[in-house]
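Containing CSV, C-alpha atoms and all ligand atoms: target_29.csv.
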chain,number,residue,atom,x,y,z
A,20,MET,CA,87.2,227.2,-145.0
A,21,GLY,CA,88.4,228.7,-141.7
A,22,GLY,CA,87.4,231.2,-139.1
A,23,GLU,CA,83.6,230.9,-139.2
A,24,ILE,CA,82.1,228.5,-136.6
A,25,ARG,CA,79.5,226.3,-138.3
A,26,HIS,CA,78.4,224.2,-135.4
A,27,PHE,CA,77.4,224.0,-131.8
A,28,ILE,CA,76.7,221.3,-129.2
A,29,LYS,CA,73.2,220.5,-128.1
A,30,CYS,CA,71.8,218.2,-125.3
A,31,ILE,CA,69.4,215.7,-126.7
A,32,GLU,CA,67.4,215.6,-123.5
A,33,CYS,CA,66.9,219.3,-122.3
A,34,GLY,CA,68.0,221.1,-125.5
A,35,MET,CA,70.7,223.1,-123.7
A,36,GLU,CA,73.2,224.5,-126.2
A,37,TYR,CA,77.0,224.8,-125.8
A,38,GLU,CA,79.8,226.4,-127.8
A,39,PRO,CA,82.2,223.9,-129.4
A,40,SER,CA,84.2,222.5,-126.5
A,41,PRO,CA,85.6,219.3,-125.1
A,42,ILE,CA,82.5,218.2,-123.1
A,43,TYR,CA,80.9,214.8,-123.0
A,44,ARG,CA,77.6,215.3,-121.2
A,45,CYS,CA,75.1,218.1,-120.5
A,46,GLY,CA,76.1,220.2,-117.6
A,47,ARG,CA,72.5,220.8,-116.7
A,48,CYS,CA,70.8,217.4,-117.0
A,49,ASN,CA,73.7,214.9,-117.7
A,50,GLY,CA,72.0,214.0,-121.0
A,51,LEU,CA,73.9,212.9,-124.1
A,52,LEU,CA,75.2,215.6,-126.5
A,53,GLU,CA,75.0,215.9,-130.2
A,54,ILE,CA,76.6,218.2,-132.7
A,55,ARG,CA,74.3,220.6,-134.7
A,56,ILE,CA,75.8,221.7,-138.0
A,57,LYS,CA,74.6,224.7,-140.0
A,58,LEU,CA,73.5,222.8,-143.0
A,59,PRO,CA,74.3,223.9,-146.5
A,60,ASP,CA,71.7,223.7,-149.3
A,61,ARG,CA,71.3,220.8,-151.7
A,62,ASN,CA,73.8,222.2,-154.3
A,63,ILE,CA,76.5,220.9,-152.0
A,64,LEU,CA,76.1,217.6,-153.9
A,65,LEU,CA,78.0,219.2,-156.8
A,66,SER,CA,81.0,220.0,-154.7
A,67,TRP,CA,81.0,216.5,-153.3
A,68,LYS,CA,81.1,215.0,-156.7
A,69,SER,CA,84.3,216.7,-157.6
A,70,ARG,CA,86.2,215.4,-154.5
A,71,ALA,CA,87.9,212.1,-153.5
A,72,PHE,CA,85.6,209.5,-152.1
A,73,ASN,CA,86.5,209.6,-148.4
A,74,VAL,CA,85.2,211.1,-145.1
A,75,TRP,CA,86.4,214.6,-145.9
A,76,ARG,CA,84.5,214.7,-149.2
A,77,TYR,CA,81.6,215.8,-146.9
A,78,ARG,CA,83.6,218.4,-145.0
A,79,GLU,CA,80.8,221.0,-145.0
A,80,LEU,CA,78.8,218.6,-142.8
A,81,LEU,CA,81.7,217.9,-140.4
A,82,PRO,CA,82.4,220.1,-137.3
A,83,VAL,CA,85.9,221.2,-138.2
A,84,ASP,CA,86.4,224.8,-139.1
A,85,ASP,CA,90.0,224.7,-140.1
A,86,TYR,CA,90.6,222.0,-142.7
A,87,ASN,CA,94.4,222.4,-142.4
A,88,MET,CA,94.1,220.8,-138.9
A,89,VAL,CA,92.6,217.6,-140.1
A,90,VAL,CA,94.4,214.3,-139.1
A,91,SER,CA,93.5,211.9,-141.9
A,92,MET,CA,94.5,208.6,-143.5
A,93,ASP,CA,92.1,208.7,-146.4
A,94,GLU,CA,89.5,206.9,-144.3
A,95,GLY,CA,86.0,206.1,-145.6
A,96,GLY,CA,85.1,205.5,-149.2
A,97,THR,CA,84.6,201.9,-148.4
A,98,ARG,CA,83.0,199.4,-150.8
A,99,LEU,CA,79.3,198.7,-151.1
A,100,LEU,CA,79.2,195.2,-152.5
A,101,ASN,CA,76.1,193.3,-153.6
A,102,LEU,CA,75.5,190.0,-151.9
A,103,ASP,CA,73.7,188.4,-154.9
A,104,ARG,CA,74.8,184.8,-154.2
A,105,VAL,CA,73.6,185.1,-150.6
A,106,GLY,CA,70.4,186.8,-151.8
A,107,GLU,CA,69.8,184.0,-154.3
A,108,SER,CA,70.2,181.4,-151.6
A,109,ILE,CA,67.5,183.1,-149.6
A,110,GLY,CA,65.3,182.9,-152.8
A,111,LYS,CA,63.0,185.8,-152.1
A,112,SER,CA,61.9,188.1,-154.9
A,113,GLY,CA,61.9,191.9,-154.6
A,114,PHE,CA,64.9,191.6,-152.3
A,115,ARG,CA,68.4,192.9,-152.9
A,116,LEU,CA,71.3,192.7,-150.3
A,117,PHE,CA,74.3,194.9,-150.0
A,118,LEU,CA,77.3,194.9,-147.7
A,119,LYS,CA,79.1,198.1,-146.6
A,120,VAL,CA,82.6,196.8,-146.1
A,121,GLU,CA,84.0,199.0,-143.2
A,122,GLY,CA,87.0,196.6,-142.9
A,123,ASP,CA,88.4,198.6,-145.8
A,124,ASN,CA,89.2,201.5,-143.5
A,125,PRO,CA,92.9,202.2,-142.5
A,126,THR,CA,92.9,200.2,-139.3
A,127,GLY,CA,90.2,197.8,-140.5
A,128,SER,CA,87.0,199.2,-138.9
A,129,PHE,CA,84.4,202.0,-139.1
A,130,LYS,CA,86.0,203.6,-136.0
A,131,ASP,CA,88.5,205.3,-138.3
A,132,ARG,CA,85.7,207.6,-139.6
A,133,GLY,CA,85.1,208.8,-136.1
A,134,MET,CA,88.8,209.0,-135.1
A,135,THR,CA,89.7,211.3,-138.0
A,136,VAL,CA,87.3,213.8,-136.6
A,137,GLY,CA,87.8,213.0,-132.9
A,138,VAL,CA,91.6,213.3,-133.1
A,139,THR,CA,91.4,216.4,-135.2
A,140,LYS,CA,89.3,217.9,-132.4
A,141,ALA,CA,91.8,216.8,-129.8
A,142,ARG,CA,94.4,218.7,-131.7
A,143,GLU,CA,92.2,221.8,-132.0
A,144,PHE,CA,91.4,221.7,-128.3
A,145,LYS,CA,95.2,221.5,-127.7
A,146,TYR,CA,95.3,218.1,-125.9
A,147,THR,CA,98.5,216.1,-126.0
A,148,ARG,CA,96.9,212.9,-124.7
A,149,VAL,CA,93.9,210.9,-125.8
A,150,ALA,CA,92.2,208.0,-124.1
A,151,CYS,CA,89.4,205.5,-124.7
A,152,ALA,CA,87.9,202.3,-123.3
A,153,SER,CA,87.6,199.6,-125.9
A,154,THR,CA,86.5,196.2,-126.9
A,155,GLY,CA,89.4,196.4,-129.4
A,156,ASN,CA,88.7,198.4,-132.5
A,157,THR,CA,88.4,201.8,-130.9
A,158,SER,CA,91.8,201.3,-129.3
A,159,ALA,CA,93.4,200.2,-132.5
A,160,SER,CA,91.9,203.2,-134.4
A,161,MET,CA,92.6,205.8,-131.7
A,162,ALA,CA,96.2,204.6,-131.3
A,163,ALA,CA,96.8,204.9,-135.1
A,164,TYR,CA,95.3,208.4,-135.4
A,165,ALA,CA,97.1,209.6,-132.3
A,166,ALA,CA,100.4,208.4,-133.7
A,167,ARG,CA,99.7,210.2,-136.9
A,168,ALA,CA,98.9,213.4,-135.0
A,169,GLY,CA,101.9,213.1,-132.6
A,170,LEU,CA,99.6,212.6,-129.6
A,171,GLU,CA,99.9,210.1,-126.8
A,172,PRO,CA,97.2,207.3,-126.8
A,173,ILE,CA,96.1,205.5,-123.6
A,174,VAL,CA,93.7,202.6,-124.0
A,175,PHE,CA,91.6,200.9,-121.2
A,176,ILE,CA,90.7,197.3,-122.2
A,177,PRO,CA,89.0,194.5,-120.3
A,178,ARG,CA,91.8,192.0,-119.5
A,179,GLY,CA,91.9,188.9,-121.7
A,180,LYS,CA,88.7,189.9,-123.5
A,181,ILE,CA,89.8,191.6,-126.7
A,182,ALA,CA,90.7,189.9,-130.0
A,183,ARG,CA,94.3,189.4,-130.7
A,184,GLY,CA,94.3,191.3,-134.0
A,185,LYS,CA,93.0,194.4,-132.3
A,186,LEU,CA,95.3,194.3,-129.3
A,187,SER,CA,98.3,193.8,-131.5
A,188,GLN,CA,97.4,196.9,-133.4
A,189,ALA,CA,97.1,199.1,-130.3
A,190,ILE,CA,100.5,197.8,-129.2
A,191,ALA,CA,102.0,198.4,-132.6
A,192,TYR,CA,100.8,202.0,-132.8
A,193,GLY,CA,102.4,202.7,-129.4
A,194,ALA,CA,99.5,203.0,-127.1
A,195,THR,CA,99.8,202.7,-123.3
A,196,ILE,CA,97.7,199.7,-122.5
A,197,VAL,CA,95.7,199.7,-119.2
A,198,GLU,CA,94.2,196.3,-118.5
A,199,VAL,CA,91.0,196.4,-116.4
A,200,GLU,CA,89.4,193.5,-114.6
A,201,GLY,CA,85.9,192.8,-115.7
A,202,VAL,CA,84.1,193.6,-119.0
A,203,PHE,CA,84.1,196.6,-121.3
A,204,ASP,CA,81.7,198.5,-119.1
A,205,ASP,CA,84.2,198.4,-116.2
A,206,ALA,CA,86.9,199.7,-118.5
A,207,LEU,CA,84.6,202.5,-119.5
A,208,ARG,CA,84.0,203.5,-115.9
A,209,LYS,CA,87.7,203.6,-115.3
A,210,VAL,CA,88.4,205.8,-118.3
A,211,PHE,CA,85.6,208.2,-117.3
A,212,ASP,CA,87.3,208.5,-114.0
A,213,TYR,CA,90.7,209.0,-115.5
A,214,VAL,CA,89.7,211.8,-117.9
A,215,ALA,CA,87.8,213.6,-115.1
A,216,LYS,CA,91.1,213.9,-113.2
A,217,ASN,CA,93.6,214.4,-116.0
A,218,LYS,CA,94.0,216.6,-119.0
A,219,VAL,CA,93.2,213.9,-121.5
A,220,TYR,CA,90.7,213.9,-124.3
A,221,LEU,CA,88.1,211.1,-124.3
A,222,LEU,CA,87.5,209.4,-127.6
A,223,ASN,CA,84.7,206.9,-126.8
A,224,SER,CA,81.5,207.3,-128.7
A,225,ILE,CA,80.0,209.4,-125.9
A,226,ASN,CA,82.2,212.1,-127.5
A,227,PRO,CA,79.7,213.7,-130.0
A,228,TYR,CA,82.5,214.8,-132.4
A,229,ARG,CA,83.4,211.2,-133.0
A,230,LEU,CA,80.0,210.2,-134.1
A,231,GLU,CA,80.0,213.0,-136.7
A,232,GLY,CA,82.7,211.2,-138.6
A,233,GLN,CA,80.7,208.0,-138.5
A,234,LYS,CA,77.6,209.5,-140.0
A,235,THR,CA,79.4,209.7,-143.3
A,236,ILE,CA,78.5,206.0,-143.8
A,237,ALA,CA,75.0,207.3,-144.6
A,238,TYR,CA,76.2,209.8,-147.1
A,239,GLU,CA,78.3,207.2,-148.9
A,240,ILE,CA,75.6,204.6,-149.0
A,241,TYR,CA,73.3,207.2,-150.6
A,242,GLU,CA,75.9,208.1,-153.2
A,243,GLN,CA,76.9,204.5,-154.0
A,244,LEU,CA,73.3,203.2,-154.3
A,245,GLY,CA,72.0,206.3,-156.0
A,246,LYS,CA,69.0,206.2,-153.7
A,247,VAL,CA,68.0,205.6,-150.1
A,248,PRO,CA,67.9,201.9,-149.2
A,249,ASP,CA,64.8,200.5,-147.5
A,250,TYR,CA,66.7,199.0,-144.6
A,251,ILE,CA,70.0,199.6,-142.8
A,252,VAL,CA,71.0,196.8,-140.5
A,253,VAL,CA,73.7,197.6,-137.9
A,254,PRO,CA,75.5,195.6,-135.1
A,255,VAL,CA,74.9,197.4,-131.8
A,256,GLY,CA,77.4,197.5,-129.0
A,257,ASN,CA,77.8,200.9,-127.3
A,258,ALA,CA,75.1,202.1,-129.7
A,259,GLY,CA,77.0,205.0,-131.2
A,260,ASN,CA,77.2,203.8,-134.8
A,261,ILE,CA,73.5,203.2,-135.4
A,262,SER,CA,72.8,206.7,-134.0
A,263,ALA,CA,75.4,208.3,-136.2
A,264,ILE,CA,74.2,206.6,-139.4
A,265,TRP,CA,70.6,207.7,-138.6
A,266,LYS,CA,71.8,211.3,-138.0
A,267,GLY,CA,73.6,211.2,-141.4
A,268,PHE,CA,70.4,210.2,-143.2
A,269,LYS,CA,68.3,212.8,-141.4
A,270,GLU,CA,70.7,215.5,-142.4
A,271,LEU,CA,70.6,214.5,-146.1
A,272,PHE,CA,66.8,214.7,-145.7
A,273,GLU,CA,66.9,218.2,-144.1
A,274,ILE,CA,69.2,219.5,-146.8
A,275,GLY,CA,66.7,218.2,-149.4
A,276,VAL,CA,69.1,215.7,-151.1
A,277,ILE,CA,66.8,212.8,-150.3
A,278,ASN,CA,63.0,212.7,-149.8
A,279,CYS,CA,62.7,209.5,-147.8
A,280,LEU,CA,64.5,207.8,-144.9
A,281,PRO,CA,65.6,204.2,-144.4
A,282,ILE,CA,64.3,201.9,-141.6
A,283,MET,CA,67.0,201.3,-139.0
A,284,VAL,CA,67.5,197.9,-137.6
A,285,GLY,CA,69.8,197.3,-134.6
A,286,VAL,CA,71.2,193.8,-133.9
A,287,GLN,CA,72.6,192.6,-130.6
A,288,ALA,CA,74.0,189.2,-129.6
A,289,GLU,CA,71.6,187.3,-127.4
A,290,GLY,CA,73.9,187.2,-124.4
A,291,ALA,CA,74.6,191.0,-124.7
A,292,SER,CA,71.3,192.5,-125.7
A,293,PRO,CA,70.0,194.8,-122.9
A,294,LEU,CA,68.9,197.4,-125.5
A,295,ALA,CA,67.3,195.0,-128.0
A,296,LYS,CA,65.4,193.1,-125.3
A,297,ALA,CA,64.1,196.3,-123.6
A,298,TYR,CA,62.8,197.6,-126.9
A,299,MET,CA,61.3,194.3,-128.0
A,300,GLU,CA,59.6,193.8,-124.6
A,301,LYS,CA,58.4,197.4,-124.6
A,302,ARG,CA,60.0,198.1,-121.2
A,303,SER,CA,62.5,200.6,-120.0
A,304,PHE,CA,66.2,200.0,-120.5
A,305,LYS,CA,68.1,198.2,-117.8
A,306,PRO,CA,71.9,197.5,-118.1
A,307,LEU,CA,73.2,193.9,-118.0
A,308,GLU,CA,75.9,193.0,-115.5
A,309,ASP,CA,77.6,190.1,-117.3
A,310,PRO,CA,77.3,190.4,-121.1
A,311,ARG,CA,78.3,187.2,-123.0
A,312,THR,CA,79.0,186.6,-126.6
A,313,LEU,CA,81.9,185.4,-128.8
A,314,ALA,CA,81.4,188.6,-130.8
A,315,SER,CA,83.7,190.6,-128.5
A,316,ALA,CA,83.2,193.9,-130.3
A,317,ILE,CA,79.6,194.0,-129.1
A,318,ARG,CA,80.0,192.4,-125.7
A,319,ILE,CA,78.7,195.4,-123.8
A,320,GLY,CA,76.1,195.4,-121.0
A,321,ASN,CA,75.5,199.1,-120.6
A,322,PRO,CA,75.5,200.9,-124.0
A,323,VAL,CA,76.2,204.5,-123.2
A,324,ASN,CA,74.4,205.8,-126.3
A,325,TRP,CA,71.3,203.7,-125.8
A,326,PRO,CA,68.9,206.8,-125.7
A,327,LYS,CA,70.2,207.9,-129.2
A,328,ALA,CA,69.9,204.4,-130.6
A,329,TRP,CA,66.4,203.9,-129.2
A,330,ARG,CA,65.3,207.2,-130.9
A,331,ALA,CA,66.9,206.2,-134.2
A,332,VAL,CA,65.0,203.0,-134.3
A,333,GLU,CA,61.8,204.5,-133.1
A,334,GLU,CA,61.9,207.5,-135.4
A,335,SER,CA,62.6,205.3,-138.4
A,336,ASN,CA,59.9,202.8,-137.6
A,337,GLY,CA,62.6,200.3,-137.2
A,338,PHE,CA,63.3,197.4,-134.8
A,339,PHE,CA,65.9,195.5,-132.8
A,340,LEU,CA,66.8,191.9,-133.3
A,341,THR,CA,68.9,189.4,-131.4
A,342,VAL,CA,71.0,186.5,-132.7
A,343,SER,CA,72.8,183.6,-131.1
A,344,ASP,CA,76.6,183.1,-131.3
A,345,GLU,CA,76.0,180.0,-133.5
A,346,GLU,CA,73.9,182.2,-135.9
A,347,ILE,CA,76.7,184.8,-136.0
A,348,VAL,CA,79.4,182.3,-136.8
A,349,SER,CA,77.3,180.6,-139.4
A,350,ALA,CA,76.5,184.0,-141.1
A,351,GLN,CA,80.2,184.9,-140.9
A,352,MET,CA,81.1,181.6,-142.7
A,353,LYS,CA,78.4,182.2,-145.3
A,354,LEU,CA,79.8,185.6,-146.2
A,355,ALA,CA,83.3,184.2,-146.5
A,356,ARG,CA,82.4,181.0,-148.3
A,357,GLU,CA,79.6,182.2,-150.6
A,358,GLU,CA,80.8,185.8,-151.3
A,359,GLY,CA,84.5,185.8,-150.5
A,360,ILE,CA,84.1,188.5,-147.9
A,361,LEU,CA,85.7,188.0,-144.5
A,362,VAL,CA,84.3,190.1,-141.6
A,363,GLU,CA,84.7,189.8,-137.9
A,364,PRO,CA,81.9,188.1,-135.8
A,365,ALA,CA,80.1,191.2,-134.7
A,366,SER,CA,80.0,192.4,-138.3
A,367,ALA,CA,78.2,189.2,-139.4
A,368,SER,CA,75.4,189.8,-136.9
A,369,PRO,CA,73.3,191.8,-139.4
A,370,LEU,CA,73.3,188.9,-141.9
A,371,ALA,CA,72.5,186.5,-139.1
A,372,ALA,CA,69.5,188.6,-138.1
A,373,LEU,CA,68.3,188.9,-141.7
A,374,LEU,CA,68.6,185.1,-142.3
A,375,LYS,CA,66.6,184.5,-139.1
A,376,ASN,CA,63.9,187.1,-139.9
A,377,GLN,CA,63.6,187.1,-143.6
A,378,ASP,CA,59.9,188.1,-143.6
A,379,ALA,CA,60.7,191.3,-141.7
A,380,PHE,CA,62.7,192.7,-144.7
A,381,GLU,CA,62.0,193.7,-148.3
A,382,GLY,CA,63.5,195.9,-151.0
A,383,ASN,CA,67.1,197.2,-150.8
A,384,ILE,CA,68.8,196.1,-147.6
A,385,VAL,CA,72.3,197.4,-146.6
A,386,LEU,CA,74.1,195.4,-143.9
A,387,ILE,CA,76.9,197.3,-142.2
A,388,ALA,CA,80.0,195.0,-141.9
A,389,THR,CA,81.8,197.0,-139.2
A,390,GLY,CA,85.2,195.3,-139.0
A,391,HIS,CA,87.6,193.1,-140.9
A,392,GLY,CA,87.7,189.3,-140.4
A,393,LEU,CA,91.4,189.2,-139.6
A,394,LYS,CA,90.8,191.2,-136.4
A,395,ASP,CA,89.9,188.0,-134.7
A,396,PRO,CA,91.9,185.2,-136.1
A,397,ASP,CA,91.4,182.8,-133.2
A,398,ILE,CA,87.7,182.5,-134.1
A,399,LEU,CA,88.6,181.6,-137.7
A,400,MET,CA,91.1,178.9,-136.7
A,401,LYS,CA,88.2,177.0,-135.1
A,402,TRP,CA,86.2,176.7,-138.3
A,403,PRO,CA,85.9,173.3,-140.0
A,404,TYR,CA,87.9,173.1,-143.3
A,405,LYS,CA,88.6,170.5,-145.9
A,406,THR,CA,92.0,168.8,-146.0
A,407,GLY,CA,93.5,166.9,-148.9
A,408,SER,CA,96.6,165.2,-150.0
A,409,ILE,CA,97.8,165.8,-153.6
B,501,LIG,C1,83.4,195.5,-135.3
B,501,LIG,C2,82.4,196.3,-134.5
B,501,LIG,N1,81.1,196.2,-134.7
B,501,LIG,C3,80.2,196.9,-134.0
B,501,LIG,C4,80.6,197.7,-132.9
B,501,LIG,C5,79.5,198.4,-132.2
B,501,LIG,O1,79.4,199.7,-132.5
B,501,LIG,P1,78.7,200.7,-131.4
B,501,LIG,O2,79.5,200.6,-130.2
B,501,LIG,O3,78.9,202.0,-132.1
B,501,LIG,O4,77.3,200.3,-131.3
B,501,LIG,C6,81.9,197.8,-132.6
B,501,LIG,C7,82.3,198.6,-131.5
B,501,LIG,O5,83.4,198.3,-130.9
B,501,LIG,C8,82.8,197.1,-133.4
B,501,LIG,O6,84.2,197.1,-133.1
B,502,ZN,ZN,70.6,218.6,-120.8

As structure tokens, please, write out the structure in this file.
Amino acid sequence: MGGEIRHFIKCIECGMEYEPSPIYRCGRCNGLLEIRIKLPDRNILLSWKSRAFNVWRYRELLPVDDYNMVVSMDEGGTRLLNLDRVGESIGKSGFRLFLKVEGDNPTGSFKDRGMTVGVTKAREFKYTRVACASTGNTSASMAAYAARAGLEPIVFIPRGKIARGKLSQAIAYGATIVEVEGVFDDALRKVFDYVAKNKVYLLNSINPYRLEGQKTIAYEIYEQLGKVPDYIVVPVGNAGNISAIWKGFKELFEIGVINCLPIMVGVQAEGASPLAKAYMEKRSFKPLEDPRTLASAIRIGNPVNWPKAWRAVEESNGFFLTVSDEEIVSAQMKLAREEGILVEPASASPLAALLKNQDAFEGNIVLIATGHGLKDPDILMKWPYKTGSI
């Protein structure tokens, strides 16, 4: 590959088209942007089969023209495990649960899929510095990929509000840490301001290139399951990932690899559910000032990508659900103690939602476990456990 430009940028609101460039919103209407790829035909499946199982297996569907520029750590190719013991405990027939274990990624979350593309674009666009606001995982991932590319990472985080595992990663990978008073949404405002005034590439999920990497979750699920699942259940924070996964499935459909689409289900924590509540109450979206949940990864009051996520759920005949912090922790413990899989609190919210709304689901259900359990050790140390003397 090389030379030929296979993609352009398009505004999801007014349809305005842009050449590949470092832009984050439509210059005409301020709408969100998405990448449009010139899709190959369905024979592409054969090329995929001969390659390693990682994000770049799907390179024809990724917006990078020169493959030699790619900054990669063999991200993606994560496990899709069955949850048969949890499924049995639910005791419903015609019901099979799977977990996509995104904690398998190099820095322990799905963000690495986005960063391999995003940091590659930073390099292509000739930036030397990259920045993001983060509830933790984005900063850890961006810092690692920046280190690997020889770029300078700057992360804006809400002071005292990110899990220790994640902050320690960002420090270890050499990021400059800017602590902001308030919540994630305040940090995001600050970083928008900062990149507007400085030559720094923004790698939050408003960056449409980043979401392209994340859509590979859909391709992998299809290949691992050998078919399209009936439901995909995703934790929703800034609402990028659910939008990316839906885009991935839609592209497989357009290419003719699949002939049906999954139902997308977005899950938010009760105290941080501006999007889920607006959708469920059939009213327009309104940001929330003071989001609260122990699942710090999804403690977001003004999800930037909400229009994309809203469309993903609507187009797929899906729905949003909310879960309490108690339900999240209880699902997190169930996964650890009945299946041996440790995920962080936000990543347990899909199981919590399913356990709470069993009749809303049937068939093959894939829960997206977005991040590793060791990201937030302080939560785990509060769990009850058995002691013994031998
Ligand atoms: C572990 C985890 N789960 C879910 C999310 C939410 O993803 P999104 O912001 O794309 O909705 C995040 C984002 O930080 C995360 O770190
Ligand atoms: Zn526009």

Find the spatial neighbours of Ile360 in chain A, counting only C-alpha atoms, within a cut-off of 10 Å - ignore same-chain residues fewer than 5 positions away - and output them as a PDB file with C-alpha atoms, keeping the file's coordinate frame.
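Contents of out-v7.pdb, freshly written:
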ATOM      1  CA  LEU A 100      79.200 195.200-152.500  1.00  0.00           C
ATOM      2  CA  LEU A 102      75.500 190.000-151.900  1.00  0.00           C
ATOM      3  CA  LEU A 118      77.300 194.900-147.700  1.00  0.00           C
ATOM      4  CA  VAL A 120      82.600 196.800-146.100  1.00  0.00           C
ATOM      5  CA  GLY A 122      87.000 196.600-142.900  1.00  0.00           C
ATOM      6  CA  GLN A 351      80.200 184.900-140.900  1.00  0.00           C
ATOM      7  CA  MET A 352      81.100 181.600-142.700  1.00  0.00           C
ATOM      8  CA  LYS A 353      78.400 182.200-145.300  1.00  0.00           C
ATOM      9  CA  LEU A 354      79.800 185.600-146.200  1.00  0.00           C
ATOM     10  CA  ALA A 355      83.300 184.200-146.500  1.00  0.00           C
ATOM     11  CA  ALA A 388      80.000 195.000-141.900  1.00  0.00           C
ATOM     12  CA  HIS A 391      87.600 193.100-140.900  1.00  0.00           C
ATOM     13  CA  GLY A 392      87.700 189.300-140.400  1.00  0.00           C
TER      14      GLY A 392
END

> Which polymer residues have any atom within 10 Å of an atom of Ile387 in chain A, counting all atoms listed in the file, with same-chain residues fewer than 5 positions away left out, as a PyMOL selection string?
Replying inline: chain A and resi 99+117-121+129+236+251-254+260-261+366-370

> Which one of A:Pro177, A:Pro281, A:Gly232, A:Gly46 sits closest to Ser335 in chain A if you count all atoms listed in the file?
Replying inline: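 Using all atoms listed in the file, the shortest distance to Ser335 in chain A belongs to A:Pro281.
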
>> Could you list, as number ranges by chain, all residues that come within 9 Å of ligand LIG 501 (chain B)? Count all atoms listed in the file.
In response: A: 121-122, 127-130, 153-157, 223-224, 230, 233, 253-263, 285, 314-319, 322-325, 328, 362-368, 387-391, 394

>> At a cut-off of 12 Å and counting all atoms listed in the file, what residues surround ligand ZN 502 (chain B)? Please answer as number ranges by chain.
In response: A: 28-37, 43-53

Keeping C-alpha atoms for every residue in the selection just given, could you write it to a file as a JSON list (two decimals), in the coordinates of the input?
[["chain", "number", "residue", "atom", "x", "y", "z"],
["A", 28, "ILE", "CA", 76.70, 221.30, -129.20],
["A", 29, "LYS", "CA", 73.20, 220.50, -128.10],
["A", 30, "CYS", "CA", 71.80, 218.20, -125.30],
["A", 31, "ILE", "CA", 69.40, 215.70, -126.70],
["A", 32, "GLU", "CA", 67.40, 215.60, -123.50],
["A", 33, "CYS", "CA", 66.90, 219.30, -122.30],
["A", 34, "GLY", "CA", 68.00, 221.10, -125.50],
["A", 35, "MET", "CA", 70.70, 223.10, -123.70],
["A", 36, "GLU", "CA", 73.20, 224.50, -126.20],
["A", 37, "TYR", "CA", 77.00, 224.80, -125.80],
["A", 43, "TYR", "CA", 80.90, 214.80, -123.00],
["A", 44, "ARG", "CA", 77.60, 215.30, -121.20],
["A", 45, "CYS", "CA", 75.10, 218.10, -120.50],
["A", 46, "GLY", "CA", 76.10, 220.20, -117.60],
["A", 47, "ARG", "CA", 72.50, 220.80, -116.70],
["A", 48, "CYS", "CA", 70.80, 217.40, -117.00],
["A", 49, "ASN", "CA", 73.70, 214.90, -117.70],
["A", 50, "GLY", "CA", 72.00, 214.00, -121.00],
["A", 51, "LEU", "CA", 73.90, 212.90, -124.10],
["A", 52, "LEU", "CA", 75.20, 215.60, -126.50],
["A", 53, "GLU", "CA", 75.00, 215.90, -130.20]]

>> If we count only C-alpha atoms and set the cut-off at 10 Å, which residues sit around Asn278 in chain A, ignoring sequence neighbours fewer than 4 positions away in its own chain? Please answer as a PyMOL selection string.
In response: chain A and resi 246-247+269+271-274

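Across A:Thr312, A:Ser91, A:Ser108, A:Gln377, the tightest approach to Ile181 in chain A is made by A:Thr312 when counting only C-alpha atoms.
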
>> When you count only C-alpha atoms, which of these residues is closest to Lys185 in chain A: A:Glu200, A:Lys375, A:Met161, A:Leu313?
In response: A:Met161

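Checking A:Glu171, A:Asp212, A:Asp205, A:Asp131 one by one against Tyr192 in chain A, counting only C-alpha atoms, you find the shortest gap at A:Glu171.
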
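The residue that comes closest to Phe203 in chain A, out of A:Ala379, A:Ala291, A:Ala371, A:Met134 and on the basis of all atoms listed in the file, is A:Ala291.
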
>> Using only C-alpha atoms for the distances, tell me which of A:Arg229, A:Leu373, A:Tyr238, A:Gly193 is nearest to Arg76 in chain A.
In response: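 Closest candidate: A:Tyr238.
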
Centre and edge lengths, as lines of an AutoDock Vina configuration file, for the axis-aligned box enclosing every listed atom of range 228-240 of chain A with 3 Å of padding on each of the six sides, in Å to one decimal?
center_x = 79.2
center_y = 209.7
center_z = -140.7
size_x = 14.4
size_y = 16.2
size_z = 22.6

> Just how far from CA of Arg178 in chain A is CA of Gly201 in chain A, in Å to one decimal?
Replying inline: 7.1 Å

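In this structure, CA of Ala215 in chain A sits 17.0 Å away from CA of Pro227 in chain A.
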
>> Report as a list in words all protein, DNA and RNA residues lying within 8 Å of Ile282 in chain A, evaluated on all atoms listed in the file, omitting residues in the same chain fewer than 5 positions from it.
In response: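 Selected residues are Asp249, Tyr250, Ile251, Val332, Ser335, Asn336 and Gly337 of chain A.
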
>> Residues near Leu64 in chain A, anyone? I mean within 12 Å using all atoms listed in the file, not counting same-chain ones fewer than 2 positions away, as a count of residues only.
In response: 23

> Expressed in Å to a single decimal, how great is the separation between CA of Lys405 in chain A and CA of Arg356 in chain A?
Replying inline: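 These atoms are spaced 12.4 Å apart.
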